[in-house]
Each structure stands twice: as structure tokens, then as C-alpha cells.
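protein.pdb, holding PDB, C-alpha atoms:
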```
ATOM      1  CA  MET A 945     251.833 109.754  53.923
ATOM      2  CA  THR A 946     251.712 106.138  54.904
ATOM      3  CA  THR A 947     247.972 105.469  54.580
ATOM      4  CA  ILE A 948     244.382 106.123  55.727
ATOM      5  CA  LYS A 949     243.017 109.650  56.435
ATOM      6  CA  THR A 950     240.352 110.725  59.196
ATOM      7  CA  LEU A 951     238.981 111.634  62.835
ATOM      8  CA  THR A 952     237.218 114.361  64.903
ATOM      9  CA  SER A 953     236.511 117.005  67.454
ATOM     10  CA  GLY A 954     234.486 116.022  70.255
ATOM     11  CA  VAL A 955     233.733 113.571  67.744
ATOM     12  CA  ALA A 956     237.188 112.671  67.185
ATOM     13  CA  LEU A 957     237.487 109.040  66.496
ATOM     14  CA  GLY A 958     236.316 108.780  63.223
ATOM     15  CA  ALA A 959     238.874 107.238  61.698
ATOM     16  CA  VAL A 960     240.409 104.427  62.516
ATOM     17  CA  ILE A 961     240.871 103.421  60.967
ATOM     18  CA  THR A 962     239.608 102.371  59.636
ATOM     19  CA  LEU A 963     239.921 101.123  58.242
ATOM     20  CA  ALA A 964     239.863  99.161  55.721
ATOM     21  CA  SER A 965     240.649  96.599  53.201
ATOM     22  CA  ALA A 966     239.918  95.319  49.783
ATOM     23  CA  PHE A 967     237.611  92.645  48.714
ATOM     24  CA  THR A 968     235.090  91.824  46.092
ATOM     25  CA  SER A 969     231.918  93.409  44.852
ATOM     26  CA  ALA A 970     229.760  90.956  42.965
ATOM     27  CA  THR A 971     228.763  93.597  40.489
ATOM     28  CA  ALA A 972     232.102  95.255  39.777
ATOM     29  CA  ALA A 973     235.017  93.115  40.873
ATOM     30  CA  ASP A 974     236.802  90.274  39.173
ATOM     31  CA  LEU A 975     239.614  89.329  41.520
ATOM     32  CA  SER A 976     240.850  86.679  39.091
ATOM     33  CA  LYS A 977     242.748  89.488  37.365
ATOM     34  CA  VAL A 978     245.134  89.878  40.335
ATOM     35  CA  PRO A 979     247.097  87.369  42.458
ATOM     36  CA  SER A 980     246.654  86.601  46.117
ATOM     37  CA  GLY A 981     249.227  87.997  48.517
ATOM     38  CA  ALA A 982     250.254  91.092  50.451
ATOM     39  CA  TYR A 983     249.007  94.502  49.265
ATOM     40  CA  SER A 984     249.783  98.004  50.530
ATOM     41  CA  VAL A 985     248.138 101.357  49.929
ATOM     42  CA  ASP A 986     249.205 103.651  47.106
ATOM     43  CA  ASP A 987     249.959 106.820  49.077
ATOM     44  CA  THR A 988     248.961 109.024  46.156
ATOM     45  CA  HIS A 989     245.509 107.464  45.835
ATOM     46  CA  ALA A 990     244.222 106.775  49.335
ATOM     47  CA  TYR A 991     241.809 108.776  51.437
ATOM     48  CA  ILE A 992     240.285 108.421  54.900
ATOM     49  CA  ASN A 993     237.641 110.924  55.872
ATOM     50  CA  PHE A 994     235.360 111.235  58.873
ATOM     51  CA  GLN A 995     232.288 113.370  59.290
ATOM     52  CA  TYR A 996     230.090 114.491  62.171
ATOM     53  CA  ASN A 997     227.253 116.939  62.749
ATOM     54  CA  HIS A 998     227.897 120.282  64.433
ATOM     55  CA  LEU A 999     224.898 121.851  66.191
ATOM     56  CA  GLY A1000     222.610 120.685  63.415
ATOM     57  CA  LEU A1001     224.141 123.433  61.289
ATOM     58  CA  SER A1002     226.920 121.742  59.340
ATOM     59  CA  ASN A1003     228.605 118.409  58.712
ATOM     60  CA  PRO A1004     232.369 118.998  58.951
ATOM     61  CA  THR A1005     234.550 116.549  57.058
ATOM     62  CA  LEU A1006     238.101 115.918  58.305
ATOM     63  CA  SER A1007     240.777 113.504  57.147
ATOM     64  CA  PHE A1008     244.139 111.924  57.932
ATOM     65  CA  ASP A1009     247.159 112.389  55.715
ATOM     66  CA  ASP A1010     249.627 109.851  57.146
ATOM     67  CA  PHE A1011     248.647 106.206  57.476
ATOM     68  CA  THR A1012     249.362 102.674  56.349
ATOM     69  CA  ILE A1013     247.005  99.953  55.176
ATOM     70  CA  ASP A1014     248.249  96.419  54.777
ATOM     71  CA  MET A1015     246.107  93.677  53.294
ATOM     72  CA  ASN A1016     246.705  89.974  52.825
ATOM     73  CA  LEU A1017     244.289  89.249  49.976
ATOM     74  CA  ASP A1018     242.915  85.808  49.173
ATOM     75  CA  VAL A1019     241.417  86.090  45.703
ATOM     76  CA  GLU A1020     239.914  82.596  45.837
ATOM     77  CA  ASP A1021     238.057  83.324  49.080
ATOM     78  CA  PRO A1022     238.138  87.017  50.066
ATOM     79  CA  THR A1023     236.583  86.194  53.451
ATOM     80  CA  LYS A1024     239.943  84.652  54.369
ATOM     81  CA  SER A1025     241.733  87.955  53.754
ATOM     82  CA  THR A1026     243.066  90.165  56.558
ATOM     83  CA  VAL A1027     243.563  93.911  56.912
ATOM     84  CA  SER A1028     245.499  96.123  59.306
ATOM     85  CA  VAL A1029     245.602  99.904  59.493
ATOM     86  CA  SER A1030     247.800 102.350  61.373
ATOM     87  CA  ILE A1031     247.068 106.092  61.400
ATOM     88  CA  ASP A1032     249.313 108.924  62.547
ATOM     89  CA  THR A1033     246.876 110.938  64.675
ATOM     90  CA  ASP A1034     248.882 114.145  64.345
ATOM     91  CA  SER A1035     248.337 114.069  60.576
ATOM     92  CA  VAL A1036     244.656 115.005  60.921
ATOM     93  CA  ILE A1037     243.604 117.672  58.402
ATOM     94  CA  THR A1038     241.060 120.097  59.837
ATOM     95  CA  GLY A1039     241.183 123.113  57.515
ATOM     96  CA  SER A1040     242.181 125.390  60.396
ATOM     97  CA  ALA A1041     245.365 125.653  62.454
ATOM     98  CA  ILE A1042     243.330 126.624  65.523
ATOM     99  CA  TRP A1043     241.014 123.652  65.123
ATOM    100  CA  LYS A1044     243.929 121.267  64.595
ATOM    101  CA  ASP A1045     245.660 122.466  67.768
ATOM    102  CA  HIS A1046     242.403 121.943  69.651
ATOM    103  CA  LEU A1047     241.717 118.489  68.227
ATOM    104  CA  THR A1048     245.252 117.146  68.669
ATOM    105  CA  GLY A1049     245.557 118.554  72.199
ATOM    106  CA  GLY A1050     245.111 116.846  75.540
ATOM    107  CA  LYS A1051     241.333 117.265  75.736
ATOM    108  CA  TRP A1052     240.712 115.302  72.561
ATOM    109  CA  LEU A1053     243.107 113.075  70.595
ATOM    110  CA  ASN A1054     246.138 113.932  72.733
ATOM    111  CA  THR A1055     248.445 113.011  69.882
ATOM    112  CA  ALA A1056     251.598 113.585  71.934
ATOM    113  CA  GLU A1057     250.679 110.686  74.211
ATOM    114  CA  TYR A1058     248.663 108.614  71.729
ATOM    115  CA  PRO A1059     250.326 108.983  68.323
ATOM    116  CA  LYS A1060     248.513 106.110  66.576
ATOM    117  CA  ILE A1061     245.037 104.845  65.823
ATOM    118  CA  THR A1062     245.004 101.222  64.726
ATOM    119  CA  PHE A1063     242.590  98.735  63.210
ATOM    120  CA  GLN A1064     243.021  94.965  62.911
ATOM    121  CA  SER A1065     240.481  92.790  61.142
ATOM    122  CA  ASN A1066     239.427  89.520  62.772
ATOM    123  CA  SER A1067     236.792  88.237  60.328
ATOM    124  CA  ILE A1068     235.236  89.038  56.961
ATOM    125  CA  GLU A1069     231.728  88.165  55.804
ATOM    126  CA  ALA A1070     230.260  88.284  52.306
ATOM    127  CA  ASN A1071     227.070  90.361  52.090
ATOM    128  CA  GLU A1072     224.191  89.500  49.760
ATOM    129  CA  ASP A1073     224.656  92.724  47.809
ATOM    130  CA  GLY A1074     228.226  91.848  46.806
ATOM    131  CA  THR A1075     229.931  93.969  49.452
ATOM    132  CA  TYR A1076     231.954  92.627  52.379
ATOM    133  CA  ALA A1077     231.614  93.240  56.102
ATOM    134  CA  VAL A1078     235.118  93.599  57.513
ATOM    135  CA  ASN A1079     234.924  93.085  61.270
ATOM    136  CA  GLY A1080     237.771  94.055  63.548
ATOM    137  CA  ASP A1081     239.041  96.026  66.512
ATOM    138  CA  VAL A1082     239.911  99.717  66.448
ATOM    139  CA  THR A1083     242.099 101.269  69.132
ATOM    140  CA  VAL A1084     242.013 104.981  69.970
ATOM    141  CA  LYS A1085     243.817 106.403  73.030
ATOM    142  CA  ASP A1086     244.447 102.844  74.292
ATOM    143  CA  VAL A1087     240.711 102.038  74.194
ATOM    144  CA  THR A1088     239.776  99.134  71.910
ATOM    145  CA  GLN A1089     236.274  98.695  70.486
ATOM    146  CA  PRO A1090     234.734  96.564  67.706
ATOM    147  CA  LEU A1091     234.279  98.171  64.287
ATOM    148  CA  THR A1092     232.667  96.844  61.117
ATOM    149  CA  MET A1093     233.420  98.456  57.776
ATOM    150  CA  THR A1094     231.320  97.789  54.679
ATOM    151  CA  ILE A1095     233.751  97.344  51.791
ATOM    152  CA  THR A1096     233.037  97.576  48.076
ATOM    153  CA  ILE A1097     235.654  96.560  45.569
ATOM    154  CA  ASN A1098     235.746  98.969  42.641
ATOM    155  CA  GLY A1099     238.143  97.102  40.398
ATOM    156  CA  ALA A1100     241.138  94.776  40.183
ATOM    157  CA  MET A1101     243.671  94.785  37.358
ATOM    158  CA  ASN A1102     247.245  95.181  36.279
ATOM    159  CA  HIS A1103     247.782  98.935  36.524
ATOM    160  CA  PRO A1104     247.885 100.436  33.011
ATOM    161  CA  MET A1105     250.792 102.745  33.895
ATOM    162  CA  ASN A1106     253.172 100.525  35.855
ATOM    163  CA  GLY A1107     251.883  97.018  35.199
ATOM    164  CA  LYS A1108     251.572  96.137  38.894
ATOM    165  CA  PRO A1109     248.549  94.285  40.300
ATOM    166  CA  VAL A1110     246.226  96.816  41.935
ATOM    167  CA  VAL A1111     242.867  96.656  43.724
ATOM    168  CA  GLY A1112     240.601  99.657  44.353
ATOM    169  CA  VAL A1113     238.130  99.762  47.251
ATOM    170  CA  ASP A1114     235.665 102.023  49.026
ATOM    171  CA  GLY A1115     234.609 101.579  52.638
ATOM    172  CA  THR A1116     232.043 103.027  55.031
ATOM    173  CA  GLY A1117     231.436 102.633  58.740
ATOM    174  CA  ASN A1118     230.271 104.390  61.890
ATOM    175  CA  LEU A1119     231.697 104.932  65.374
ATOM    176  CA  LEU A1120     230.470 106.458  68.612
ATOM    177  CA  ARG A1121     233.193 108.765  69.889
ATOM    178  CA  SER A1122     231.871 108.370  73.438
ATOM    179  CA  ALA A1123     232.979 104.717  73.326
ATOM    180  CA  PHE A1124     236.553 106.009  73.396
ATOM    181  CA  GLY A1125     236.096 108.584  76.128
ATOM    182  CA  LEU A1126     235.607 111.382  73.593
ATOM    183  CA  GLY A1127     231.935 112.132  74.121
ATOM    184  CA  LYS A1128     232.273 115.739  75.247
ATOM    185  CA  ASN A1129     229.602 118.182  73.982
ATOM    186  CA  ALA A1130     227.222 115.470  72.756
ATOM    187  CA  PRO A1131     224.536 115.711  71.529
ATOM    188  CA  PHE A1132     225.289 119.244  70.321
ATOM    189  CA  ILE A1133     228.206 117.713  68.457
ATOM    190  CA  SER A1134     227.035 114.329  67.241
ATOM    191  CA  ASP A1135     228.289 111.282  69.090
ATOM    192  CA  GLU A1136     228.176 109.301  65.855
ATOM    193  CA  VAL A1137     231.064 109.709  63.441
ATOM    194  CA  ALA A1138     230.778 108.506  59.846
ATOM    195  CA  LEU A1139     233.882 106.991  58.252
ATOM    196  CA  ASN A1140     234.590 106.954  54.529
ATOM    197  CA  ILE A1141     237.592 105.355  52.871
ATOM    198  CA  SER A1142     238.682 105.167  49.248
ATOM    199  CA  ALA A1143     241.994 103.520  48.399
ATOM    200  CA  GLU A1144     244.055 101.834  45.723
ATOM    201  CA  MET A1145     246.196  98.924  46.917
ATOM    202  CA  PHE A1146     249.298  97.691  45.081
ATOM    203  CA  LYS A1147     250.649  94.168  45.468
ATOM    204  CA  ASN A1148     253.929  94.128  47.351
ATOM    205  CA  GLN A1149     256.943  93.072  45.319
TER     206      GLN A1149
END
```

Using the file provided, produce a representation of the structure as C-alpha cells.
Amino acid sequence: MTTIKTLTSGVALGAVITLASAFTSATAADLSKVPSGAYSVDDTHAYINFQYNHLGLSNPTLSFDDFTIDMNLDVEDPTKSTVSVSIDTDSVITGSAIWKDHLTGGKWLNTAEYPKITFQSNSIEANEDGTYAVNGDVTVKDVTQPLTMTITINGAMNHPMNGKPVVGVDGTGNLLRSAFGLGKNAPFISDEVALNISAEMFKNQ
């Protein structure tokens, strides 16, 4: 799995990635416990999910299983950090082989022609509640749109099992799938896609 997991059916798009990055939460994070530098996702503890509404009846949650997240963390000033994400679109987990074939096919994600969803941060702002707004550009099917993820840092420490510096983060955001040419069947299938990310990031050696 290389890192970040999510997207959708007519609502496909959710994911991008997201996503996401790792910075400080005033209430829970003490970044002084880890050094600045390059961090990458722990494949065994990273999740990217996206959710949409279907006919007002259910809220399907899908995810991606193969992605990478790379972060250049500045512990002295997290707003100077950067984050990039790359998602393998064919790794979407739908819970159904039929649904996956539909979602990865030419009418939706078209993973054969567009194998990646990417996100690149371009600025980070500190919010009053201790979270961070990570602003950047997400690209799906060669269409690039702005995306802001709200990031909460859950903890930063030397990992108790391997001794490596590690940072844990959660992230949320929203996309309109129609902005990427994926608006079919709206509003019966919601145009808005909710993104949720939870990841542990190890410092590169």
C-alpha cells in the first residue's frame, strides 16, 4: 500500500487526496518531541476514506488501499511544512466487485487512463482551535482544483516499539465531484464528497 485511501461513484473524487499532512493541535500536540524533516506514511496505520449520500437512504464509505503521503515537517513553525499525496485510483475499496468495476471504469474514475490522484499543498494556516488548514491543489482525471483539509495532530513522539520519530494526524475535507467532471446522477447521489484521513507518519532515515 503506499499511502492514503478513498474516492467515489458518481461521487467519485473523494479522495485525493487528500490528502493530507501532519501538523499541530494546540490541545494535543507537542512537536518538540520530534525533529523537523521528511516524514512518510506508515502503510500499516494509514487510512483515507470518502463518503457520499445515496438517494437519501445511505451514506456509503469507500477507501483507497495504495497511496503515498510525504511531508516535510517544520516543528518550529508548522505553517512552513509541506505535504504531497499520490493515490493509486485502482486501489479503491468498494465492498463489491461489481461496484469496483463500475467505479474504476471509463464512465467514472477511468483508472486505466488516469491511474493517479494527487494532492500538493501550497500553504498552511494555523486555526484558532489548534487545528491547521492545509491548502493545496488536488488533481483527478487531469482536472486540478483547490482543496483545503482541516488537520488535527493527535500526537508526536518516539515510537515505543521501534524508537523512530512518529507523528499521528487526522484530517477532514470536502469536494464537489462535479468540479472534476464526475457529477453524473446528482443530486440523487450527492455532489459533495466528505474526505476523512487518519495516518501515522514516520521520519525518514

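Run against this file, the PyMOL selection byres ((chain A and resi 1055-1058) around 9) gives back Asp1032, Thr1033, Asp1034, Leu1047, Thr1048, Gly1049, Gly1050, Trp1052, Leu1053, Asn1054, Pro1059, Lys1060, Ile1061, Val1084, Lys1085 and Asp1086 of chain A.
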
Writing out the chosen residues with C-alpha atoms as a PDB file, keeping the file's coordinate frame:
```
ATOM      1  CA  ASP A1032     249.313 108.924  62.547  1.00  0.00           C
ATOM      2  CA  THR A1033     246.876 110.938  64.675  1.00  0.00           C
ATOM      3  CA  ASP A1034     248.882 114.145  64.345  1.00  0.00           C
ATOM      4  CA  LEU A1047     241.717 118.489  68.227  1.00  0.00           C
ATOM      5  CA  THR A1048     245.252 117.146  68.669  1.00  0.00           C
ATOM      6  CA  GLY A1049     245.557 118.554  72.199  1.00  0.00           C
ATOM      7  CA  GLY A1050     245.111 116.846  75.540  1.00  0.00           C
ATOM      8  CA  TRP A1052     240.712 115.302  72.561  1.00  0.00           C
ATOM      9  CA  LEU A1053     243.107 113.075  70.595  1.00  0.00           C
ATOM     10  CA  ASN A1054     246.138 113.932  72.733  1.00  0.00           C
ATOM     11  CA  PRO A1059     250.326 108.983  68.323  1.00  0.00           C
ATOM     12  CA  LYS A1060     248.513 106.110  66.576  1.00  0.00           C
ATOM     13  CA  ILE A1061     245.037 104.845  65.823  1.00  0.00           C
ATOM     14  CA  VAL A1084     242.013 104.981  69.970  1.00  0.00           C
ATOM     15  CA  LYS A1085     243.817 106.403  73.030  1.00  0.00           C
ATOM     16  CA  ASP A1086     244.447 102.844  74.292  1.00  0.00           C
TER      17      ASP A1086
END
```

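Shortest atom-to-atom contact with A:Val1087 among A:Lys1108, A:His989, A:His1103, A:Arg1121: A:Arg1121, counting only C-alpha atoms.
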
A:Asn1066, A:Thr1096, A:Ser1122, A:Asn1102: which is nearest A:Val978, counting all atoms listed in the file?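 Checking each of A:Asn1066, A:Thr1096, A:Ser1122, A:Asn1102 against A:Val978, counting all atoms listed in the file, the winner is A:Asn1102.
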
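If you look at atom CA of A:Gln995 and atom CA of A:Asp1009, they are 15.3 Å away from each other.
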
Ranking A:Asp1135, A:Asp1018, A:Asp1010, A:Glu1069 by minimum distance to A:Ala982 and counting only C-alpha atoms, which one comes first? A:Asp1018

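Interatomic distance, atom CA of A:Ser1025 to atom CA of A:Asp1073: 18.7 Å.
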
Could you tell me which residues the PyMOL selection byres ((chain A and resi 1118) around 10) returns for this structure, as a ChimeraX atom specification? /A:957-959,962,994-995,1091-1094,1116-1117,1119-1121,1136-1140

Output of the PyMOL selection byres ((chain A and resi 1099) around 7), listed as a list in words: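 On this input, the PyMOL selection byres ((chain A and resi 1099) around 7) captures Ala972, Ala973, Ile1097, Asn1098, Ala1100, Met1101, Val1111 and Gly1112 of chain A.
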
Can I get the selected residues back with C-alpha atoms, as a PDB file, in the coordinates of the input?
```pdb
ATOM      1  CA  ALA A 972     232.102  95.255  39.777  1.00  0.00           C
ATOM      2  CA  ALA A 973     235.017  93.115  40.873  1.00  0.00           C
ATOM      3  CA  ILE A1097     235.654  96.560  45.569  1.00  0.00           C
ATOM      4  CA  ASN A1098     235.746  98.969  42.641  1.00  0.00           C
ATOM      5  CA  ALA A1100     241.138  94.776  40.183  1.00  0.00           C
ATOM      6  CA  MET A1101     243.671  94.785  37.358  1.00  0.00           C
ATOM      7  CA  VAL A1111     242.867  96.656  43.724  1.00  0.00           C
ATOM      8  CA  GLY A1112     240.601  99.657  44.353  1.00  0.00           C
TER       9      GLY A1112
END
```

Interatomic distance between atom CA of A:Ile1141 and atom CA of A:Gly1115? 4.8 Å

Which of these residues is nearest to A:Val1113, using all atoms listed in the file: A:Val985, A:Pro979, A:Asp1021, A:Leu1001?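 Using all atoms listed in the file, the shortest distance to A:Val1113 belongs to A:Val985.
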
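Using only C-alpha atoms for every distance, the candidate list A:Val1019, A:Ala1077, A:Ile1042, A:Ile1013 yields A:Ile1013 as the residue closest to A:Glu1144.
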
Taking all atoms listed in the file into account, name the residue in A:Asp974, A:Asp1045, A:Glu1020, A:Asp1014 that is nearest to A:Thr1062.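 Among the listed residues, the smallest separation from A:Thr1062 belongs to A:Asp1014.
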
Extending 4 Å beyond the listed atoms of stretch 1070-1079 of chain A on each side, what axis-aligned box results? I want centre and edge lengths in Å to one decimal, as lines of an AutoDock Vina configuration file.
```
center_x = 229.7
center_y = 91.1
center_z = 54.0
size_x = 18.9
size_y = 13.7
size_z = 22.5
```

So which residues touch A:Ile1095 within 6 Å, counting all atoms listed in the file, skipping near sequence neighbours fewer than 5 positions away, as a list in words? Thr1075, Tyr1076, Asp1114 and Gly1115 of chain A

Test item: residues at most 6 Å from A:Ala990, all atoms listed in the file, excluding those fewer than 2 positions along its chain, as a short mmCIF file (atom, residue, chain, number, x, y, z; two decimals) with C-alpha atoms, in the coordinates of the input:
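Result went into part-v7.cif, see below:
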```
data_model
loop_
_atom_site.label_atom_id
_atom_site.label_comp_id
_atom_site.auth_asym_id
_atom_site.auth_seq_id
_atom_site.Cartn_x
_atom_site.Cartn_y
_atom_site.Cartn_z
CA ASP A 987 249.96 106.82 49.08
CA SER A 1142 238.68 105.17 49.25
CA ALA A 1143 241.99 103.52 48.40
#
```
